[in-house]
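Asks: Would you mind keeping the following structure in view while I ask a few things?
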Amino acid sequence: MVSIVQTGVANRASVIAAFERCGVEATRAATAGDIEAAPFLVLPGVGSFGAGMEALRAAGLVDALRVRIEAGGPTLAICLGMQLLCASSEESPGVEGLGVIDAMVEALSQPARPRFGWNRVVPEFGCEVITEGFAYYANSFGVCERPAGWACAMSALEAPFVGAMRRGAVVACQFHPELSGPWGLKLLQRWMAMGVAAC
Amino acid sequence: MLTKRVIPCLDIRDGRIVKGTSFANLRDAGDPVERAAAYEAQGADELVVLDVSATPDGREAALHTVEAIRRAISIPLTVGGGVRTIAHARALLEAGADKVGVNSAAVERPELITEIAQRMGAQCVVLAIDAARSASSWEVVTRSGTNRTGIDALEWACTGVAAGAGEILLTSFDEDGRGNGYDLQLIRAISGVVNVSIIASGGASTATHMVDGFEAGADAVLAASIFHDGVTSVGELKEQLRAAGVPVRMMEVEP
């Protein structure tokens, strides 16, 4: 069973469908208590950094998420969800992120515009939960410098950027594993297996 | 580097796939859920579903079709056709779409693009432009090609992107369903004035047509008949694209 954090609209249906195709039931995490209790937690998200943080604040989820991720509770953050773990974003100046990843989110092109499509992802040491393959991205912003304390998998547009990060059973992906075909589904399964092993 | 995308399009009406020529003379082309799953297995990079139903019952049926397709695939799904309100866009996203296509209603009220982009993000708004050749340029046509608006397609593309569209699905009304290739001048013209990704649509029947579309400025190519009719598979087509030097994602078997 995975619990999916309510972050406004997101593309929740796609995330739920992907887990169901892996034979895993998905439920909602709407409260701080849900976040604390969930054996596996997914933080999805589409839309802007500022609106995403505002939704987490309004629902009173900020502290619970910080505590869970600092403690290494099995958590998967996707796309905007990954960015929300960072300290701040060029997209929404002045808005404080969850800050569990010491990184700033930057525009990947000037002017910032959504970059859609499949891009190769190459894992580095410690991030083998991500295998080399093609992932589907839909993002205007991203993390360009490898943050301290996190193992990375890298992709590149005009310049390299961080495709995914891992620390213990916490995995944060800029791409959408739920939309990355069989490769993405296998990643979801490996993340859950890693979480079971960590317990 | 982002690979070039190949996107099968399913026009659906009352739960079945239909296909026509210049948006008319629709004929049955199969079960959408079966086709969607098959296209993903062949290596489709995304799917587009356009609801061409003309009735409220048809619209309701389309939501169920979207839910069923979502359960069957794990690649991006864009759904459009008759989207007039933010409530309709939200219903499609909740049913399992990742992006929503807007067309006629956005021409009539461009604020619709901004409303959806602000609530759900620019990455989730695909502006579908149906363009017909006119004396010196291209004219936007709406309502399945029955309404010639007099609006210049290039100007509309710029307006739509400024309003918040994250991607443009560009269909040539003149070439749709004919199999003679995309309107390459149209692709060149639009990709020259906007900086969002362009999905070329209308007229391709061979890999060569698609290579031409990419060279003209498309980031993705959309096709329907050639896949539905079994002229080629997505996998065969991508092999041909790769052989022609186009960077594409091939299906990989993990060890």
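Here, A, B, ... name the chains of the structure tokens in the order displayed, residue numbers run from 1 inside each chain, and ligands are numbered from 1 in the same displayed order.
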Just the helix (DSSP H, G or I) stuff from region 27-177 of chain B, please, per backbone DSSP, written as JSON, numbers by chain.
Replies: {"B": [32, 33, 34, 35, 36, 37, 38, 39, 40, 41, 42, 56, 57, 58, 59, 60, 61, 62, 63, 64, 65, 66, 67, 68, 69, 70, 71, 72, 86, 87, 88, 89, 90, 91, 92, 93, 94, 95, 104, 105, 106, 107, 108, 111, 112, 113, 114, 115, 116, 117, 118, 119, 120, 122, 123, 124, 153, 154, 155, 156, 157, 158, 159, 160, 161, 162, 163]}
Asks: Can you pull out every residue within 12 Å of Ala71 (chain A), counting only C-alpha atoms, but drop anything in the same chain fewer than 6 positions away, and send it as a list in words?
Replies: Glu36, Ala64, Leu65, Val100, Arg167, Gly168, Ala169, Val170, Ala198 and Cys199 of chain A
Asks: Got time to write the residues from that selection, N, CA and C atoms, as a JSON list (two decimals), in the first residue's frame?
Replies:
```
[["chain", "number", "residue", "atom", "x", "y", "z"],
["A", 36, "GLU", "N", 2.87, 10.61, 8.62],
["A", 36, "GLU", "CA", 3.65, 9.94, 9.65],
["A", 36, "GLU", "C", 3.47, 8.42, 9.57],
["A", 64, "ALA", "N", 5.50, 17.57, 8.95],
["A", 64, "ALA", "CA", 5.42, 16.11, 8.89],
["A", 64, "ALA", "C", 6.29, 15.57, 7.76],
["A", 65, "LEU", "N", 6.29, 16.26, 6.62],
["A", 65, "LEU", "CA", 7.11, 15.82, 5.49],
["A", 65, "LEU", "C", 8.59, 15.95, 5.82],
["A", 100, "VAL", "N", 14.91, 19.91, 2.65],
["A", 100, "VAL", "CA", 15.63, 18.70, 3.06],
["A", 100, "VAL", "C", 16.73, 18.35, 2.05],
["A", 167, "ARG", "N", 18.61, 9.18, -1.14],
["A", 167, "ARG", "CA", 19.29, 9.11, 0.15],
["A", 167, "ARG", "C", 18.51, 8.09, 0.96],
["A", 168, "GLY", "N", 19.12, 6.94, 1.23],
["A", 168, "GLY", "CA", 18.40, 5.86, 1.92],
["A", 168, "GLY", "C", 17.19, 5.45, 1.08],
["A", 169, "ALA", "N", 16.04, 5.38, 1.71],
["A", 169, "ALA", "CA", 14.82, 4.95, 1.01],
["A", 169, "ALA", "C", 14.03, 6.14, 0.47],
["A", 170, "VAL", "N", 14.67, 7.32, 0.46],
["A", 170, "VAL", "CA", 14.03, 8.50, -0.13],
["A", 170, "VAL", "C", 14.57, 8.67, -1.55],
["A", 198, "ALA", "N", 14.73, -1.55, 4.10],
["A", 198, "ALA", "CA", 15.18, -0.54, 5.05],
["A", 198, "ALA", "C", 14.45, -0.63, 6.39],
["A", 199, "CYS", "N", 13.26, -1.26, 6.38],
["A", 199, "CYS", "CA", 12.45, -1.30, 7.60],
["A", 199, "CYS", "C", 13.01, -2.29, 8.62]]
```
Asks: Would you mind listing, for every residue of chain A within 7 Å of chain B, the two atoms forming the shortest contact and the distance between them in Å to one decimal, using only C-alpha atoms, sorted by chain and ascending residue number, as JSON lines?
Replies:
```
{"residue": "A:Val9", "atom": "CA", "partner": "B:Met120", "partner_atom": "CA", "distance": 6.8}
{"residue": "A:Asn11", "atom": "CA", "partner": "B:Asp98", "partner_atom": "CA", "distance": 5.9}
{"residue": "A:Ala13", "atom": "CA", "partner": "B:Gly96", "partner_atom": "CA", "distance": 4.8}
{"residue": "A:Ser14", "atom": "CA", "partner": "B:Gly96", "partner_atom": "CA", "distance": 5.6}
{"residue": "A:Ala17", "atom": "CA", "partner": "B:Arg71", "partner_atom": "CA", "distance": 5.3}
{"residue": "A:Ala18", "atom": "CA", "partner": "B:Ser74", "partner_atom": "CA", "distance": 6.2}
{"residue": "A:Val46", "atom": "CA", "partner": "B:Gly121", "partner_atom": "CA", "distance": 6.5}
{"residue": "A:Gly47", "atom": "CA", "partner": "B:Gly121", "partner_atom": "CA", "distance": 4.1}
{"residue": "A:Ser48", "atom": "CA", "partner": "B:Gly121", "partner_atom": "CA", "distance": 6.6}
{"residue": "A:Arg113", "atom": "CA", "partner": "B:Val196", "partner_atom": "CA", "distance": 6.9}
{"residue": "A:Pro114", "atom": "CA", "partner": "B:Gln123", "partner_atom": "CA", "distance": 5.7}
{"residue": "A:Gly117", "atom": "CA", "partner": "B:Leu2", "partner_atom": "CA", "distance": 5.8}
{"residue": "A:Trp118", "atom": "CA", "partner": "B:Leu2", "partner_atom": "CA", "distance": 5.5}
{"residue": "A:Asn119", "atom": "CA", "partner": "B:Leu2", "partner_atom": "CA", "distance": 4.8}
{"residue": "A:Phe134", "atom": "CA", "partner": "B:Arg249", "partner_atom": "CA", "distance": 6.9}
{"residue": "A:Ala138", "atom": "CA", "partner": "B:Gln123", "partner_atom": "CA", "distance": 6.5}
{"residue": "A:Ala156", "atom": "CA", "partner": "B:Met1", "partner_atom": "CA", "distance": 5.7}
{"residue": "A:Leu157", "atom": "CA", "partner": "B:Met1", "partner_atom": "CA", "distance": 4.8}
{"residue": "A:Glu178", "atom": "CA", "partner": "B:Ser74", "partner_atom": "CA", "distance": 6.0}
{"residue": "A:Leu179", "atom": "CA", "partner": "B:Ile75", "partner_atom": "CA", "distance": 4.1}
{"residue": "A:Ser180", "atom": "CA", "partner": "B:Ile75", "partner_atom": "CA", "distance": 5.7}
{"residue": "A:Gly181", "atom": "CA", "partner": "B:Ser74", "partner_atom": "CA", "distance": 4.9}
```
Asks: Go through B:Glu139, B:Asp183, B:Glu239, B:Asp229 one by one, measure the shortest atom-to-atom distance of each to His209 (chain B) using only C-alpha atoms, and give the residue with the smallest value.
Replies: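 Looking at the shortest contact to His209 (chain B), the residue is B:Asp183.
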Asks: Quick one: residues within 7 Å of Leu47 (chain B), only C-alpha atoms counted, chain neighbours fewer than 2 positions away excluded, as a VMD selection string?
Replies: chain B and resid 7 to 9 49 76 to 78
Asks: Residues within 8 Å of Gln174 (chain A), please, as a list of chain:residue names. Count only C-alpha atoms; anything in the same chain fewer than 2 positions from it doesn't count.
Replies: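 Listed by chain and then number, they are A:Ile78, A:Cys79, A:Leu80, A:Met82, A:Gln83, A:Tyr137, A:Asn139, A:Gly142, A:Val162, A:Gly163, A:Ala164, A:Ala172, A:His176.
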